[in-house]
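J.: File follows, query.txt with compact mmCIF, C-alpha atoms:
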# COMPACT_ATOMS: atom_id res chain seq x y z
CA MET A 1 231.66 -129.27 37.69
CA THR A 2 233.47 -127.76 34.76
CA ILE A 3 232.15 -128.56 31.27
CA LEU A 4 234.48 -128.63 28.26
CA ILE A 5 233.27 -128.54 24.68
CA THR A 6 235.47 -129.42 21.74
CA ALA A 7 234.45 -129.23 18.12
CA VAL A 8 236.01 -129.64 14.71
CA MET A 9 234.34 -127.92 11.77
CA ASP A 10 235.35 -128.38 8.15
CA LEU A 11 234.34 -125.24 6.28
CA ASP A 12 234.83 -124.15 2.71
CA PRO A 13 238.55 -123.29 2.79
CA GLU A 14 237.88 -120.14 0.75
CA ALA A 15 235.37 -118.92 3.35
CA ALA A 16 237.00 -120.02 6.61
CA ASP A 17 239.04 -116.85 7.22
CA ARG A 18 236.01 -114.65 6.57
CA ILE A 19 233.80 -116.74 8.84
CA LEU A 20 236.29 -116.48 11.70
CA ARG A 21 236.70 -112.75 11.16
CA ASP A 22 232.92 -112.20 11.00
CA SER A 23 232.42 -114.39 14.08
CA ARG A 24 234.68 -112.29 16.27
CA PRO A 25 231.87 -110.17 17.84
CA LEU A 26 229.87 -113.34 18.54
CA ILE A 27 232.89 -115.02 20.14
CA GLU A 28 233.55 -111.90 22.22
CA ALA A 29 229.91 -111.88 23.35
CA SER A 30 230.21 -115.52 24.40
CA LEU A 31 233.39 -114.79 26.36
CA ALA A 32 231.53 -112.03 28.24
CA GLU A 33 228.78 -114.40 29.40
CA PRO A 34 228.61 -115.43 33.05
CA GLY A 35 230.21 -118.85 33.46
CA CYS A 36 232.22 -118.77 30.23
CA GLU A 37 235.87 -119.36 31.12
CA ALA A 38 237.17 -120.02 27.58
CA TYR A 39 235.74 -119.76 24.08
CA SER A 40 238.18 -120.05 21.21
CA TRP A 41 238.08 -120.79 17.50
CA ALA A 42 241.31 -121.51 15.61
CA LEU A 43 242.16 -122.46 12.04
CA ASP A 44 244.05 -125.73 11.70
CA PRO A 45 247.44 -124.97 10.13
CA LEU A 46 247.54 -128.34 8.33
CA THR A 47 243.98 -128.79 7.03
CA PRO A 48 242.57 -125.92 4.94
CA GLY A 49 239.15 -124.81 6.16
CA ARG A 50 239.28 -126.81 9.39
CA VAL A 51 238.40 -124.91 12.56
CA HIS A 52 238.96 -126.20 16.08
CA VAL A 53 236.66 -124.92 18.83
CA PHE A 54 237.39 -125.06 22.56
CA GLU A 55 234.96 -123.92 25.25
CA ARG A 56 235.06 -124.12 29.06
CA TRP A 57 231.94 -123.46 31.14
CA THR A 58 231.53 -123.37 34.92
CA ASP A 59 228.37 -125.48 34.93
CA GLU A 60 225.28 -126.68 33.05
CA ALA A 61 223.30 -123.55 33.90
CA ALA A 62 225.91 -121.32 32.25
CA LEU A 63 226.00 -123.52 29.15
CA ALA A 64 222.19 -123.66 28.94
CA HIS A 65 222.07 -119.87 29.20
CA HIS A 66 224.63 -119.60 26.37
CA PHE A 67 222.46 -121.80 24.13
CA SER A 68 219.52 -119.42 24.68
CA LEU A 69 221.32 -116.22 23.66
CA PRO A 70 221.25 -114.43 20.29
CA ASN A 71 225.03 -114.66 19.81
CA TYR A 72 224.76 -118.47 19.84
CA THR A 73 221.83 -118.62 17.40
CA GLU A 74 223.45 -115.97 15.16
CA MET A 75 226.65 -118.00 15.03
CA ARG A 76 224.74 -121.09 13.95
CA SER A 77 222.97 -119.07 11.25
CA GLN A 78 226.24 -117.58 10.09
CA LEU A 79 227.79 -121.04 9.73
CA ARG A 80 224.75 -122.34 7.80
CA SER A 81 224.92 -119.38 5.43
CA ALA A 82 228.53 -120.24 4.56
CA GLY A 83 227.44 -123.43 2.82
CA PRO A 84 227.82 -127.04 3.88
CA VAL A 85 229.62 -127.45 7.18
CA VAL A 86 230.84 -130.80 8.40
CA SER A 87 231.29 -130.76 12.15
CA THR A 88 231.67 -132.97 15.16
CA SER A 89 231.29 -131.70 18.70
CA ARG A 90 231.50 -133.28 22.12
CA LYS A 91 231.02 -132.08 25.68
CA TYR A 92 232.90 -133.39 28.69
CA LEU A 93 232.13 -133.16 32.39
CA VAL A 94 235.43 -132.68 34.22
CA ALA A 95 235.67 -134.62 37.48
CA HIS A 96 239.33 -133.82 38.20
CA ASP A 97 241.92 -131.51 36.72
CA GLU A 98 245.55 -130.88 37.51
CA PRO A 99 248.79 -129.63 35.95
CA VAL A 100 250.45 -131.57 33.14
CA TYR A 101 253.86 -130.96 34.73
CA ASP A 102 254.82 -131.94 38.28
CA GLU A 103 256.88 -129.79 40.66
CA THR A 104 260.12 -130.88 38.91
CA GLY A 105 258.86 -129.81 35.46
CA THR A 106 258.35 -133.40 34.31
CA PRO A 107 255.30 -134.05 32.10
CA ARG A 108 252.98 -136.62 33.66
CA ALA A 109 250.41 -138.81 31.89
CA ASP A 110 249.09 -140.12 35.22
CA PHE A 111 246.96 -138.11 37.62
CA PHE A 112 249.26 -137.45 40.54
CA THR A 113 247.30 -135.08 42.79
CA GLN A 114 244.31 -135.77 45.00
CA PRO A 115 240.94 -134.58 43.69
CA THR A 116 239.41 -131.72 45.64
CA ALA A 117 235.83 -131.85 46.88
CA ALA A 118 234.90 -128.96 44.55
CA ALA A 119 236.14 -130.70 41.38
As a first step, turn the structure in this file into structure tokens.
T.:
Amino acid sequence: MTILITAVMDLDPEAADRILRDSRPLIEASLAEPGCEAYSWALDPLTPGRVHVFERWTDEAALAHHFSLPNYTEMRSQLRSAGPVVSTSRKYLVAHDEPVYDETGTPRADFFTQPTAAA
């Protein structure tokens, strides 16, 4: 099953742009890993220094492999070197996914399709 990770990091606003810029090769390395379907860091336009992270992994094995690689440990070291970082992160196991919009283009809050066996 798909695993999603979301995180919010509050960095020193004066260092946030540099950290994102310096992290680019590490983010690119993560995106190249087997099982990584999405890996994105973005500055929050309303809160200076806040970074939102979104990751999507095919399974636990891919995520475990990511945690063992140098690009992951280097990223953690890079964040620590930037000073105090306040962060929260969560992972989610996705049991069912579907479009937000139905066939008429209407946004739907309910889940309106049948789960597939592979979900």
J.: Name the residues in contact with Tyr72 in chain A at a cut-off of 12 Å, using all atoms listed in the file, excluding same-chain residues fewer than 4 positions from it; report them as a list in words.
T.: Ser23, Pro25, Leu26, Ile27, Glu28, Ala29, Ser30, Leu31, Glu33, Tyr39, Leu63, Ala64, His65, His66, Phe67, Ser68, Arg76, Ser77, Gln78 and Leu79 of chain A
J.: Between A:Tyr92, A:Trp41, A:Tyr101, A:Phe112, which residue has the minimum interatomic distance to Met1 in chain A, considering only C-alpha atoms?
T.: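 Nearest to Met1 in chain A: A:Tyr92.
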J.: When you count all atoms listed in the file, which of these residues is closest to Asp22 in chain A: A:Gly83, A:Lys91, A:Glu74, A:Pro107?
T.: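 Ranking A:Gly83, A:Lys91, A:Glu74, A:Pro107 by distance to Asp22 in chain A, first place goes to A:Glu74.
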J.: Determine, for each residue of range 70-112 of chain A having at least one atom at most 12 Å from an atom of range 47-52 of chain A, the closest pair of atoms and their separation in Å to one decimal, counting all atoms listed in the file; order by chain and ascending number, as CSV.
T.:
residue,atom,partner,partner_atom,distance
A:Leu79,CA,A:Val51,CA,11.6
A:Ala82,CA,A:Gly49,CA,11.7
A:Pro84,CA,A:Gly49,CA,11.8
A:Val85,CA,A:Arg50,CA,9.9
A:Val86,CA,A:Arg50,CA,9.4
A:Ser87,CA,A:Val51,CA,9.2
A:Thr88,CA,A:His52,CA,10.0
A:Ser89,CA,A:His52,CA,9.8
A:Arg90,CA,A:His52,CA,11.9
J.: Between A:Leu93, A:Leu43, A:Ala109, A:Val100, which residue has the minimum interatomic distance to Leu11 in chain A, considering only C-alpha atoms?
T.: A:Leu43
J.: Leaving out Thr113 in chain A and any residue of its chain fewer than 5 positions from it, which residues lie within 12 Å of it when counting only C-alpha atoms, given as JSON, numbers by chain?
T.: {"A": [96, 97, 98, 99, 100, 101, 102, 103, 108]}
J.: Using Å and a single decimal, report how far CA of Arg56 in chain A sits from CA of Thr6 in chain A.
T.: 9.0 Å
J.: Using all atoms listed in the file, which residue out of A:Ala32, A:Ala95, A:Ala7, A:Leu20 lies closest to Ala62 in chain A?
T.: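 Checking each candidate against Ala62 in chain A, we get A:Ala32 as the closest.
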J.: Between CA of Pro45 in chain A and CA of Arg24 in chain A, what is the spacing in Å?
T.: 19.0 Å
J.: Calculate how many Å separate CA of Cys36 in chain A from CA of Glu55 in chain A, rounding to one decimal.
T.: 7.7 Å
J.: Which residue gives the smallest distance to Thr58 in chain A among A:Ala38, A:Leu46, A:Ala16, A:Met9, with only C-alpha atoms counted?
T.: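 Counting only C-alpha atoms, the residue closest to Thr58 in chain A is A:Ala38.
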J.: Would you mind telling me which residue in A:Val8, A:Leu69, A:Met75, A:Ile19 lies nearest to Phe54 in chain A when using only C-alpha atoms?
T.: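 The closest residue to Phe54 in chain A is A:Val8.
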